[in-house]
Structure formats: structure tokens, C-alpha cells
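> So that you have it, the file is target.pdb, and it contains PDB, C-alpha atoms and all ligand atoms:
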```pdb
ATOM      1  CA  MET A   1       0.000   0.000   0.000
ATOM      2  CA  ILE A   2       1.257   3.493  -0.865
ATOM      3  CA  HIS A   3       1.925   5.720   2.148
ATOM      4  CA  PHE A   4       0.721   9.280   1.459
ATOM      5  CA  GLY A   5       1.932  10.731   4.758
ATOM      6  CA  TYR A   6      -1.482  10.863   6.410
ATOM      7  CA  GLY A   7      -4.046   8.384   7.713
ATOM      8  CA  VAL A   8      -7.718   8.015   8.578
ATOM      9  CA  MET A   9      -8.662   9.411  12.025
ATOM     10  CA  ALA A  10      -9.943   6.616  14.278
ATOM     11  CA  ASP A  11     -13.079   8.516  15.360
ATOM     12  CA  ALA A  12     -13.945   9.329  11.729
ATOM     13  CA  THR A  13     -14.221   5.713  10.729
ATOM     14  CA  THR A  14     -17.402   3.632  10.621
ATOM     15  CA  ASP A  15     -17.139  -0.077  11.237
ATOM     16  CA  TYR A  16     -20.460  -1.448   9.997
ATOM     17  CA  ASP A  17     -19.555  -4.965  11.138
ATOM     18  CA  ARG A  18     -19.117  -3.928  14.783
ATOM     19  CA  ASN A  19     -21.779  -1.214  15.082
ATOM     20  CA  ASP A  20     -25.142  -1.813  16.729
ATOM     21  CA  ARG A  21     -27.832  -2.243  14.027
ATOM     22  CA  ARG A  22     -30.680  -3.030  16.432
ATOM     23  CA  ILE A  23     -32.205   0.487  16.340
ATOM     24  CA  ALA A  24     -32.178   0.565  12.515
ATOM     25  CA  GLU A  25     -33.798  -2.851  12.302
ATOM     26  CA  TYR A  26     -36.455  -1.988  14.898
ATOM     27  CA  LEU A  27     -37.224   1.289  13.134
ATOM     28  CA  LEU A  28     -37.574  -0.318   9.699
ATOM     29  CA  GLU A  29     -39.886  -2.938  11.132
ATOM     30  CA  HIS A  30     -42.137  -0.526  13.060
ATOM     31  CA  GLU A  31     -42.035   2.612  10.867
ATOM     32  CA  PRO A  32     -41.090   1.558   7.312
ATOM     33  CA  SER A  33     -41.882   5.024   5.898
ATOM     34  CA  VAL A  34     -38.353   5.976   6.993
ATOM     35  CA  ASN A  35     -37.182   4.107   3.899
ATOM     36  CA  LEU A  36     -38.837   6.744   1.695
ATOM     37  CA  CYS A  37     -36.391   9.440   2.829
ATOM     38  CA  ILE A  38     -34.359  10.986  -0.002
ATOM     39  CA  GLY A  39     -32.218  13.115   2.301
ATOM     40  CA  CYS A  40     -33.557  16.419   0.967
ATOM     41  CA  GLY A  41     -33.036  18.210   4.304
ATOM     42  CA  SER A  42     -36.428  19.932   4.437
ATOM     43  CA  CYS A  43     -37.086  18.457   7.890
ATOM     44  CA  THR A  44     -33.824  19.879   9.184
ATOM     45  CA  ALA A  45     -34.529  23.303   7.688
ATOM     46  CA  ALA A  46     -37.984  23.457   9.319
ATOM     47  CA  CYS A  47     -36.998  22.029  12.701
ATOM     48  CA  SER A  48     -37.968  24.171  15.715
ATOM     49  CA  THR A  49     -35.176  22.805  17.879
ATOM     50  CA  GLY A  50     -32.607  23.373  15.160
ATOM     51  CA  ARG A  51     -33.316  27.107  15.324
ATOM     52  CA  MET A  52     -32.251  27.259  18.993
ATOM     53  CA  VAL A  53     -29.547  24.641  19.452
ATOM     54  CA  GLU A  54     -27.335  22.497  17.280
ATOM     55  CA  PHE A  55     -29.672  19.743  16.150
ATOM     56  CA  ASN A  56     -30.072  18.072  12.799
ATOM     57  CA  ILE A  57     -32.809  15.489  12.388
ATOM     58  CA  ARG A  58     -31.358  14.273   9.112
ATOM     59  CA  ARG A  59     -28.175  13.496  11.033
ATOM     60  CA  LEU A  60     -30.187  11.197  13.305
ATOM     61  CA  HIS A  61     -30.860   9.043  10.292
ATOM     62  CA  THR A  62     -27.153   8.816   9.556
ATOM     63  CA  LEU A  63     -26.397   7.883  13.185
ATOM     64  CA  ILE A  64     -29.033   5.138  13.064
ATOM     65  CA  ARG A  65     -27.726   3.690   9.832
ATOM     66  CA  ARG A  66     -24.216   3.703  11.298
ATOM     67  CA  GLY A  67     -25.454   2.179  14.563
ATOM     68  CA  GLU A  68     -23.959   5.019  16.637
ATOM     69  CA  THR A  69     -26.391   4.576  19.527
ATOM     70  CA  LEU A  70     -24.604   6.685  22.157
ATOM     71  CA  LYS A  71     -24.557   9.791  19.960
ATOM     72  CA  LEU A  72     -28.155   9.085  18.943
ATOM     73  CA  LYS A  73     -29.354   9.094  22.587
ATOM     74  CA  LYS A  74     -27.819  12.516  23.224
ATOM     75  CA  GLU A  75     -29.236  14.012  20.048
ATOM     76  CA  ILE A  76     -32.792  12.721  20.148
ATOM     77  CA  MET A  77     -33.388  14.169  23.627
ATOM     78  CA  LYS A  78     -33.340  17.635  22.046
ATOM     79  CA  CYS A  79     -36.486  17.021  19.932
ATOM     80  CA  MET A  80     -39.580  18.932  21.160
ATOM     81  CA  PHE A  81     -41.919  16.656  19.226
ATOM     82  CA  CYS A  82     -43.658  19.592  17.525
ATOM     83  CA  GLY A  83     -44.127  17.749  14.211
ATOM     84  CA  LYS A  84     -43.051  20.580  11.877
ATOM     85  CA  CYS A  85     -40.559  18.273  10.200
ATOM     86  CA  GLN A  86     -43.350  15.908   9.249
ATOM     87  CA  LEU A  87     -45.471  18.697   7.780
ATOM     88  CA  VAL A  88     -42.773  19.658   5.276
ATOM     89  CA  CYS A  89     -41.505  16.210   4.293
ATOM     90  CA  PRO A  90     -42.105  15.766   0.530
ATOM     91  CA  ARG A  91     -41.929  11.977   0.859
ATOM     92  CA  GLY A  92     -44.504  11.614   3.593
ATOM     93  CA  VAL A  93     -42.119  10.137   6.136
ATOM     94  CA  ASN A  94     -44.019   9.793   9.410
ATOM     95  CA  LEU A  95     -41.342  11.644  11.330
ATOM     96  CA  ARG A  96     -43.139  12.013  14.638
ATOM     97  CA  ASN A  97     -43.588   8.280  14.753
ATOM     98  CA  VAL A  98     -39.996   7.824  13.627
ATOM     99  CA  ILE A  99     -38.856   9.766  16.693
ATOM    100  CA  LEU A 100     -41.258   7.917  18.992
ATOM    101  CA  THR A 101     -40.113   4.581  17.587
ATOM    102  CA  ILE A 102     -36.443   5.465  18.019
ATOM    103  CA  ASN A 103     -37.124   6.382  21.671
ATOM    104  CA  ARG A 104     -38.961   3.093  22.178
ATOM    105  CA  ALA A 105     -36.105   1.172  20.547
ATOM    106  CA  LEU A 106     -33.555   2.948  22.763
ATOM    107  CA  GLU A 107     -35.572   2.021  25.872
ATOM    108  CA  GLN A 108     -35.765  -1.602  24.807
ATOM    109  CA  THR A 109     -32.105  -1.954  23.891
ATOM    110  CA  GLY A 110     -30.908  -0.166  27.025
TER     111      GLY A 110
HETATM  112  S1  LIG B 201     -37.913  16.028   4.741
HETATM  113 FE1  LIG B 201     -38.439  13.829   4.504
HETATM  114  S2  LIG B 201     -37.355  13.171   2.646
HETATM  115 FE2  LIG B 201     -36.445  15.125   3.280
HETATM  116  S3  LIG B 201     -34.651  14.518   4.570
HETATM  117 FE3  LIG B 201     -36.411  14.839   5.941
HETATM  118  S4  LIG B 201     -37.329  12.779   6.175
HETATM  119 FE4  LIG B 201     -36.009  12.709   4.364
HETATM  120  S1  LIG B 202     -40.653  17.141  15.898
HETATM  121 FE1  LIG B 202     -38.539  17.324  16.662
HETATM  122  S2  LIG B 202     -37.261  17.010  14.836
HETATM  123 FE2  LIG B 202     -39.355  17.497  14.124
HETATM  124  S3  LIG B 202     -39.393  19.733  13.800
HETATM  125 FE3  LIG B 202     -40.128  19.355  15.877
HETATM  126  S4  LIG B 202     -38.299  19.500  17.182
HETATM  127 FE4  LIG B 202     -37.588  19.237  15.066
END
```
Would you mind giving the structure from this file in C-alpha cells?
Ligand code: SF4
Ligand code: SF4


Amino acid sequence: MIHFGYGVMADATTDYDRNDRRIAEYLLEHEPSVNLCIGCGSCTAACSTGRMVEFNIRRLHTLIRRGETLKLKKEIMKCMFCGKCQLVCPRGVNLRNVILTINRALEQTG
């Protein structure tokens, strides 16, 4: 392998084989509309919480797919459950239920 003089930072890597996929699997089973997401970012742009603190609902999806449960727990607590994200979603993702289902999955997986 060629050495370019730099490497990949350990905390910037994603090991899909070792990460916890239980939340993603639970979410897909109980709220399959999450699969309709095209990552447009409208939910993030409309988010009430995102106007006051650093919070990005689209990022939650990335954390779930990567199985980064610890970061997910910290982030999801910021949601006020107002439902504005769901109102603007062009794909009809049931975002309020997505958030509820993630919370339920986190409770069940400890
Ligand atoms: S608004 Fe809907 S389609 Fe767009 S990123 Fe959010 S969940 Fe996905
Ligand atoms: S329900 Fe949560 S994620 Fe959606 S707009 Fe409201 S605060 Fe943001």
C-alpha cells in the first residue's frame, strides 16, 4: 500500500460490522416510511429545535444507519416533538412516529 503521509482518524471511521444495528432494524420494522427518505433536508430546515440549538434530524438518520447509539441518545433528547418536520416532508415520512419509535427502541435496547 502506498503511504501518502497521512491516515484516517480513528473517530472518523465507521465499522459497519461492529456497530449496533438493532435500532435501525427496529425502526424499519415498526415505521417503514423511513425508507422513503431521499435526504432532501427539508425536515432539518424546518426544525424548531434546530433554530435554537445544534440539532439536525437528518443526522439522526445517519447515526441510526451507522449504529452510533450513544450519539443518537444525546441528540434525540433535544427534539420537542412539535411535528413541523413531518409537515414539510415531501416523501410523507411519518417523522413524529420515527422519533417515537427510536425512543422506544432505545428504551428496549438499554
Ligand atoms: S424532509 Fe423527509 S425526505 Fe427530506 S430529509 Fe427529511 S425525512 Fe427525508
Ligand atoms: S418534531 Fe422534533 S425534529 Fe421534528 S421539527 Fe419538531 S423539534 Fe424538530

> Do a neighbour search on Ile76 of chain A at 8 Å with all atoms listed in the file, toss out local chain neighbours closer than 6 positions, and write the hits as an MDAnalysis selection string.

chainID A and resid 60 99 103

> In Å, rounded to a single decimal, give me how far atom FE2 of ligand LIG 202 (chain B) is from atom CA of Thr69 of chain A.

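Taking atom CA of Thr69 of chain A as the start and atom FE2 of ligand LIG 202 (chain B) as the end point, the length is 19.1 Å.
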
> Could you please extract the residues within 10 Å of ligand LIG 201 (chain B), counting all atoms listed in the file, and hand them back as a PyMOL selection string?

chain A and resi 33-47+56-59+61+84-95+98

> What separation in Å, quoted to one decimal, exists between atom CA of Ile2 of chain A and atom CA of Arg18 of chain A?

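Result for atom CA of Ile2 of chain A versus atom CA of Arg18 of chain A: 26.7 Å, one decimal.
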
> Would you mind listing what lies within 9 Å of Tyr26 of chain A as a list in words, with only C-alpha atoms counted and same-chain residues fewer than 5 positions away left out?

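With the cut-off at 9 Å, the set is Arg21, Glu31, Thr101, Ile102 and Ala105 of chain A.
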